[in-house]
Amino acid sequence: MRRGCLAMRGHNRWASPAALLAMAGSVGVLLGGSAVAGACPAETESVRDNEPMAQRLPDCRAYEQVSPVDKNTTDADGKPGHVQSSPTGESVTYYSVVPFPGIPGSSDFPYYLGMRGGAGWSTQGLLPLVEPYAEGAVRDLDDSNEETIVEVTGEEGRLLAPGAKPDEYNLYVHNNVTGEYRLIAAAVYATSVDATPDGSHVLLDAVLLEEGQELAGVTDPGFVPYLFEWDRETGQVSFVGVVREDEAPKGGTVAGSYENEGENTYDQTAISEDGSRIFFSEAGENQRVYMREPSAERTVEVSAGQALWKAATPSGSFALYVEGEELYRFNVDRFEESKKPEPEALAEAREKLASAGAKVLGTVGMSDDGSYVYFVAEGVIPGENEASATVGAPNLYEWHEGASTPIRFIATLSDFWDESDWLGFARSEEAASAQGYKASRVSTDGRRVLSAREPN
């Protein structure tokens, strides 16, 4: 699950109403070829029959309208970081500028979940119905879109779950199927949220808002973020940003990277899919990268010095970080299986993929097994196609474990339009990803890279 607050940005209210479309398809015909009558699954064919132009689509593709027809003259909208489809494709999230008629929820930018059922697509609001003076925000969803993490402030009177505090920031998890709300924490401001794919373990960078307030053993009046974990089974919150036992760092701790001070940053897998490994950074001046294993109550210092965490595999077996313009892959399994003293085991687990001469700017992503890594660097790195790289420019490289020539130059990117692809956030309001999220992704097997660029 990617990390970052799902904040809404500006939009043209006067655009003609647009609908959100979902694509249904099947395998079995040649890519790019027309579908053969009778060759498509019956369900897909019935959808194609209802769309006059659908029969011209290749590969048994068909499109269904997810958003309702009546949208109150506004658009169904979405941008990177706002639209999330479930793995099955049976649900998708999106938003609008003004509310759709008849769908409860409170927010300046209404947020929706479209779900596909026997009667077609239905729409529900993801933000709770609260008093007019209260404010709600979607912080994250699990991968299935079945649970939403929402934060509400200014509540008075009817609170959404027991333990919530009136007129404070309250963080909830909402079951989109049953409608139940459960309180995660009260009187905390969640700067960002991450979770396991099933939502059973939720990470939150939380700022304690009350003087002398205690949460999971942390009491800090400095109003800096600290990393906590909520366990759905027990309902308990625990402090997991532990750098030194029994001590909360004065600068705070954040999930993944602190490169953008923890705000609106794309982090690839800050918590492993089973919740056993959590990767975080010490905020402030230190900015070292750590791994926490909650069940073992152990913290491992991933980086040898100040570094920027970039990504981890879903299993938590590998982690990427940049330290002093060098790119490293931390091999967690190699470290844990080593019989050597810890300092030696750590040194061997810190695998250098690109040296200082590479002048690494950041990473685009890596495959689920950690064997493919895509990164951007200003140096010309020896390897395949190296003569095509440009000194001082953002060059995109592929590193492939086990290849006879591990590093391959792919393309030179734009240091303006593509910057968010390797940073994970946009520094310029005019850049292509000015909404603050990276537009690029790497396929799970690592063999494909997707990037979107604003026309020059």
# chains A, B, ... in the order shown; residues from 1 in each chain; ligands from 1
$ residues_around --residues "A:Thr412" --least-positions-apart "5" --cutoff "12 Å" --atoms "only C-alpha atoms" --output "PyMOL selection string"
chain A and resi 375-380+385-397+417-419
$ residues_around --residues "stretch 230-237 of chain A" --least-positions-apart "5" --cutoff "7 Å" --atoms "only C-alpha atoms" --output "list in words"
Ile184, Ser200, His201, Val202, Leu203 and Ala216 of chain A
$ atom_distance --atom1 "atom CA of A:Phe318" --atom2 "atom CA of A:Leu227"
20.8 Å
$ residues_around --residues "stretch 85-91 of chain A" --least-positions-apart "3" --cutoff "7 Å" --atoms "only C-alpha atoms" --output "PyMOL selection string"
chain A and resi 113-116+143-145
$ atom_distance --atom1 "atom CA of A:Thr269" --atom2 "atom CA of A:Glu293"
14.6 Å
$ select_by_dssp --residues "stretch 286-427 of chain A" --states "helix (DSSP H, G or I)" --output "list of chain:residue names"
A:Pro294, A:Ser295, A:Ala296, A:Val332, A:Asp333, A:Arg334, A:Phe335, A:Glu336, A:Glu337, A:Glu342, A:Pro343, A:Glu344, A:Ala345, A:Leu346, A:Ala347, A:Glu348, A:Ala349, A:Ala356, A:Gly357, A:Ala358, A:Glu386, A:Ala387, A:Ser388, A:Glu419, A:Ser420, A:Asp421, A:Trp422, A:Leu423
$ closest_residue --among "A:Glu155, A:Thr444, A:Pro132, A:Thr93" --to "A:Gly105" --atoms "only C-alpha atoms"
A:Pro132
$ atom_distance --atom1 "atom CA of A:Phe228" --atom2 "atom CA of A:Phe109"
27.9 Å
$ select_by_dssp --residues "stretch 226-313 of chain A" --states "strand (DSSP E)" --output "NGL selection string"
:A and (226-231 or 237-239 or 253-255 or 278-282 or 289-293 or 298-301 or 308-312)
$ write_last_selection --atoms "C-alpha atoms" --output "PDB file, in the first residue's frame"
ATOM      1  CA  TYR A 226       5.939   9.501  16.023  1.00  0.00           C
ATOM      2  CA  LEU A 227       5.371   6.117  14.391  1.00  0.00           C
ATOM      3  CA  PHE A 228       2.676   3.883  15.904  1.00  0.00           C
ATOM      4  CA  GLU A 229       1.012   0.639  14.884  1.00  0.00           C
ATOM      5  CA  TRP A 230      -2.637  -0.296  15.374  1.00  0.00           C
ATOM      6  CA  ASP A 231      -3.505  -4.013  15.546  1.00  0.00           C
ATOM      7  CA  VAL A 237      -1.876   0.953  19.536  1.00  0.00           C
ATOM      8  CA  SER A 238       1.855   0.418  20.104  1.00  0.00           C
ATOM      9  CA  PHE A 239       4.902   2.627  19.543  1.00  0.00           C
ATOM     10  CA  THR A 253      10.072   8.925  13.609  1.00  0.00           C
ATOM     11  CA  VAL A 254       8.153   8.404  10.369  1.00  0.00           C
ATOM     12  CA  ALA A 255       7.220   5.399   8.233  1.00  0.00           C
ATOM     13  CA  ILE A 278       8.390  -2.137   9.501  1.00  0.00           C
ATOM     14  CA  PHE A 279      10.793   0.272   7.809  1.00  0.00           C
ATOM     15  CA  PHE A 280      11.060   3.807   9.144  1.00  0.00           C
ATOM     16  CA  SER A 281      13.325   6.851   9.374  1.00  0.00           C
ATOM     17  CA  GLU A 282      14.434   8.952  12.282  1.00  0.00           C
ATOM     18  CA  VAL A 289      16.915   4.174   8.167  1.00  0.00           C
ATOM     19  CA  TYR A 290      15.750   1.425  10.533  1.00  0.00           C
ATOM     20  CA  MET A 291      13.782  -1.816  10.490  1.00  0.00           C
ATOM     21  CA  ARG A 292      11.513  -2.755  13.378  1.00  0.00           C
ATOM     22  CA  GLU A 293      10.365  -6.316  14.065  1.00  0.00           C
ATOM     23  CA  ARG A 298      14.001  -5.574  17.930  1.00  0.00           C
ATOM     24  CA  THR A 299      15.215  -2.593  15.890  1.00  0.00           C
ATOM     25  CA  VAL A 300      17.891  -3.032  13.196  1.00  0.00           C
ATOM     26  CA  GLU A 301      19.914  -0.081  11.879  1.00  0.00           C
ATOM     27  CA  LEU A 308      16.897   8.260   2.510  1.00  0.00           C
ATOM     28  CA  TRP A 309      14.706   5.160   2.523  1.00  0.00           C
ATOM     29  CA  LYS A 310      13.087   4.420  -0.834  1.00  0.00           C
ATOM     30  CA  ALA A 311      11.300   1.082  -1.016  1.00  0.00           C
ATOM     31  CA  ALA A 312      10.966  -2.463   0.266  1.00  0.00           C
TER      32      ALA A 312
END
$ residues_around --residues "A:Arg447" --least-positions-apart "3" --cutoff "12 Å" --atoms "only C-alpha atoms" --output "list in words"
Gly365, Met366, Ser367, Asp368, Asp369, Gly370, Ser371, Tyr372, Val373, Tyr374, Glu398, Trp399, His400, Arg441, Val442, Ser443, Thr444 and Leu450 of chain A
$ closest_residue --among "A:Gly222, A:Pro249, A:Gly362, A:Gly383" --to "A:Trp422" --atoms "only C-alpha atoms"
A:Gly362
$ residues_around --residues "A:Ser272" --least-positions-apart "4" --cutoff "6 Å" --atoms "only C-alpha atoms" --output "list in words"
Arg277, Pro314, Ser315 and Gly316 of chain A
$ closest_residue --among "A:Ala190, A:Val98, A:Ala319, A:Ala19" --to "A:Tyr63" --atoms "only C-alpha atoms"
A:Ala19
$ residues_around --residues "A:Asp142" --least-positions-apart "4" --cutoff "6 Å" --atoms "only C-alpha atoms" --output "PyMOL selection string"
chain A and resi 147+197-199
$ write_last_selection --atoms "N, CA and C atoms" --output "PDB file, in the first residue's frame"
ATOM      1  N   GLU A 147     -11.924  -1.489   3.740  1.00  0.00           N
ATOM      2  CA  GLU A 147     -11.792  -0.667   4.935  1.00  0.00           C
ATOM      3  C   GLU A 147     -11.130   0.660   4.597  1.00  0.00           C
ATOM      4  N   PRO A 197      -1.779  -5.107   3.290  1.00  0.00           N
ATOM      5  CA  PRO A 197      -2.820  -5.201   2.259  1.00  0.00           C
ATOM      6  C   PRO A 197      -4.197  -5.545   2.804  1.00  0.00           C
ATOM      7  N   ASP A 198      -4.259  -6.357   3.878  1.00  0.00           N
ATOM      8  CA  ASP A 198      -5.561  -6.737   4.431  1.00  0.00           C
ATOM      9  C   ASP A 198      -6.049  -5.784   5.507  1.00  0.00           C
ATOM     10  N   GLY A 199      -5.246  -4.761   5.822  1.00  0.00           N
ATOM     11  CA  GLY A 199      -5.654  -3.765   6.816  1.00  0.00           C
ATOM     12  C   GLY A 199      -5.570  -4.237   8.251  1.00  0.00           C
TER      13      GLY A 199
END
$ closest_residue --among "A:Glu336, A:Asp194, A:Glu156, A:Glu64" --to "A:Glu51" --atoms "only C-alpha atoms"
A:Glu64
$ closest_residue --among "A:Pro128, A:Pro101, A:Gly424, A:Pro162" --to "A:Asn175" --atoms "only C-alpha atoms"
A:Pro128
$ decode --residues "stretch 278-312 of chain A" --atoms "N, CA and C atoms" --output "PDB file, in the first residue's frame"
ATOM      1  N   ILE A 278       8.785  -3.528   9.719  1.00  0.00           N
ATOM      2  CA  ILE A 278       8.390  -2.137   9.501  1.00  0.00           C
ATOM      3  C   ILE A 278       9.648  -1.327   9.237  1.00  0.00           C
ATOM      4  N   PHE A 279       9.646  -0.566   8.154  1.00  0.00           N
ATOM      5  CA  PHE A 279      10.793   0.272   7.809  1.00  0.00           C
ATOM      6  C   PHE A 279      10.450   1.731   8.090  1.00  0.00           C
ATOM      7  N   PHE A 280      11.347   2.423   8.779  1.00  0.00           N
ATOM      8  CA  PHE A 280      11.060   3.807   9.144  1.00  0.00           C
ATOM      9  C   PHE A 280      12.345   4.613   9.203  1.00  0.00           C
ATOM     10  N   SER A 281      12.189   5.933   9.310  1.00  0.00           N
ATOM     11  CA  SER A 281      13.325   6.851   9.374  1.00  0.00           C
ATOM     12  C   SER A 281      13.232   7.695  10.633  1.00  0.00           C
ATOM     13  N   GLU A 282      14.379   8.006  11.176  1.00  0.00           N
ATOM     14  CA  GLU A 282      14.434   8.952  12.282  1.00  0.00           C
ATOM     15  C   GLU A 282      14.352  10.352  11.682  1.00  0.00           C
ATOM     16  N   ALA A 283      13.397  11.133  12.134  1.00  0.00           N
ATOM     17  CA  ALA A 283      13.196  12.469  11.591  1.00  0.00           C
ATOM     18  C   ALA A 283      14.227  13.438  12.168  1.00  0.00           C
ATOM     19  N   GLY A 284      14.202  14.660  11.638  1.00  0.00           N
ATOM     20  CA  GLY A 284      15.162  15.651  12.114  1.00  0.00           C
ATOM     21  C   GLY A 284      16.495  15.523  11.428  1.00  0.00           C
ATOM     22  N   GLU A 285      17.583  15.764  12.154  1.00  0.00           N
ATOM     23  CA  GLU A 285      18.916  15.817  11.557  1.00  0.00           C
ATOM     24  C   GLU A 285      19.499  14.439  11.258  1.00  0.00           C
ATOM     25  N   ASN A 286      19.143  13.422  12.027  1.00  0.00           N
ATOM     26  CA  ASN A 286      19.777  12.113  11.861  1.00  0.00           C
ATOM     27  C   ASN A 286      19.357  11.415  10.556  1.00  0.00           C
ATOM     28  N   GLN A 287      18.069  11.251  10.357  1.00  0.00           N
ATOM     29  CA  GLN A 287      17.512  10.654   9.140  1.00  0.00           C
ATOM     30  C   GLN A 287      18.165   9.328   8.768  1.00  0.00           C
ATOM     31  N   ARG A 288      18.430   8.502   9.742  1.00  0.00           N
ATOM     32  CA  ARG A 288      18.900   7.148   9.455  1.00  0.00           C
ATOM     33  C   ARG A 288      17.706   6.239   9.188  1.00  0.00           C
ATOM     34  N   VAL A 289      17.966   5.119   8.531  1.00  0.00           N
ATOM     35  CA  VAL A 289      16.915   4.174   8.167  1.00  0.00           C
ATOM     36  C   VAL A 289      16.977   2.969   9.103  1.00  0.00           C
ATOM     37  N   TYR A 290      15.820   2.536   9.579  1.00  0.00           N
ATOM     38  CA  TYR A 290      15.750   1.425  10.533  1.00  0.00           C
ATOM     39  C   TYR A 290      14.695   0.416  10.091  1.00  0.00           C
ATOM     40  N   MET A 291      14.802  -0.793  10.642  1.00  0.00           N
ATOM     41  CA  MET A 291      13.782  -1.816  10.490  1.00  0.00           C
ATOM     42  C   MET A 291      13.356  -2.270  11.868  1.00  0.00           C
ATOM     43  N   ARG A 292      12.053  -2.306  12.109  1.00  0.00           N
ATOM     44  CA  ARG A 292      11.513  -2.755  13.378  1.00  0.00           C
ATOM     45  C   ARG A 292      10.774  -4.071  13.179  1.00  0.00           C
ATOM     46  N   GLU A 293      11.079  -5.049  14.041  1.00  0.00           N
ATOM     47  CA  GLU A 293      10.365  -6.316  14.065  1.00  0.00           C
ATOM     48  C   GLU A 293       9.571  -6.373  15.365  1.00  0.00           C
ATOM     49  N   PRO A 294       8.273  -5.997  15.317  1.00  0.00           N
ATOM     50  CA  PRO A 294       7.486  -5.868  16.554  1.00  0.00           C
ATOM     51  C   PRO A 294       7.424  -7.145  17.386  1.00  0.00           C
ATOM     52  N   SER A 295       7.263  -8.313  16.750  1.00  0.00           N
ATOM     53  CA  SER A 295       7.125  -9.547  17.524  1.00  0.00           C
ATOM     54  C   SER A 295       8.393  -9.870  18.299  1.00  0.00           C
ATOM     55  N   ALA A 296       9.564  -9.528  17.727  1.00  0.00           N
ATOM     56  CA  ALA A 296      10.838  -9.772  18.403  1.00  0.00           C
ATOM     57  C   ALA A 296      11.262  -8.585  19.265  1.00  0.00           C
ATOM     58  N   GLU A 297      10.487  -7.476  19.174  1.00  0.00           N
ATOM     59  CA  GLU A 297      10.821  -6.244  19.898  1.00  0.00           C
ATOM     60  C   GLU A 297      12.269  -5.841  19.620  1.00  0.00           C
ATOM     61  N   ARG A 298      12.629  -5.863  18.328  1.00  0.00           N
ATOM     62  CA  ARG A 298      14.001  -5.574  17.930  1.00  0.00           C
ATOM     63  C   ARG A 298      14.011  -4.517  16.833  1.00  0.00           C
ATOM     64  N   THR A 299      14.992  -3.592  16.919  1.00  0.00           N
ATOM     65  CA  THR A 299      15.215  -2.593  15.890  1.00  0.00           C
ATOM     66  C   THR A 299      16.590  -2.819  15.271  1.00  0.00           C
ATOM     67  N   VAL A 300      16.646  -2.831  13.928  1.00  0.00           N
ATOM     68  CA  VAL A 300      17.891  -3.032  13.196  1.00  0.00           C
ATOM     69  C   VAL A 300      18.231  -1.744  12.462  1.00  0.00           C
ATOM     70  N   GLU A 301      19.475  -1.287  12.567  1.00  0.00           N
ATOM     71  CA  GLU A 301      19.914  -0.081  11.879  1.00  0.00           C
ATOM     72  C   GLU A 301      20.290  -0.460  10.446  1.00  0.00           C
ATOM     73  N   VAL A 302      19.388  -0.188   9.526  1.00  0.00           N
ATOM     74  CA  VAL A 302      19.576  -0.583   8.135  1.00  0.00           C
ATOM     75  C   VAL A 302      20.738   0.164   7.491  1.00  0.00           C
ATOM     76  N   SER A 303      20.741   1.494   7.593  1.00  0.00           N
ATOM     77  CA  SER A 303      21.804   2.293   6.974  1.00  0.00           C
ATOM     78  C   SER A 303      22.947   2.507   7.956  1.00  0.00           C
ATOM     79  N   ALA A 304      24.150   2.683   7.401  1.00  0.00           N
ATOM     80  CA  ALA A 304      25.321   2.919   8.252  1.00  0.00           C
ATOM     81  C   ALA A 304      25.428   4.379   8.672  1.00  0.00           C
ATOM     82  N   GLY A 305      24.765   5.271   7.945  1.00  0.00           N
ATOM     83  CA  GLY A 305      24.790   6.704   8.248  1.00  0.00           C
ATOM     84  C   GLY A 305      23.494   7.339   7.802  1.00  0.00           C
ATOM     85  N   GLN A 306      23.508   8.670   7.633  1.00  0.00           N
ATOM     86  CA  GLN A 306      22.313   9.364   7.183  1.00  0.00           C
ATOM     87  C   GLN A 306      21.920   8.871   5.795  1.00  0.00           C
ATOM     88  N   ALA A 307      20.649   8.565   5.623  1.00  0.00           N
ATOM     89  CA  ALA A 307      20.194   7.969   4.374  1.00  0.00           C
ATOM     90  C   ALA A 307      18.726   8.281   4.137  1.00  0.00           C
ATOM     91  N   LEU A 308      18.290   8.076   2.901  1.00  0.00           N
ATOM     92  CA  LEU A 308      16.897   8.260   2.510  1.00  0.00           C
ATOM     93  C   LEU A 308      16.327   6.917   2.080  1.00  0.00           C
ATOM     94  N   TRP A 309      15.358   6.429   2.845  1.00  0.00           N
ATOM     95  CA  TRP A 309      14.706   5.160   2.523  1.00  0.00           C
ATOM     96  C   TRP A 309      13.856   5.341   1.281  1.00  0.00           C
ATOM     97  N   LYS A 310      13.813   4.307   0.419  1.00  0.00           N
ATOM     98  CA  LYS A 310      13.087   4.420  -0.834  1.00  0.00           C
ATOM     99  C   LYS A 310      12.001   3.374  -1.023  1.00  0.00           C
ATOM    100  N   ALA A 311      12.273   2.127  -0.714  1.00  0.00           N
ATOM    101  CA  ALA A 311      11.300   1.082  -1.016  1.00  0.00           C
ATOM    102  C   ALA A 311      11.678  -0.211  -0.308  1.00  0.00           C
ATOM    103  N   ALA A 312      10.722  -1.110  -0.230  1.00  0.00           N
ATOM    104  CA  ALA A 312      10.966  -2.463   0.266  1.00  0.00           C
ATOM    105  C   ALA A 312      10.086  -3.418  -0.506  1.00  0.00           C
TER     106      ALA A 312
END
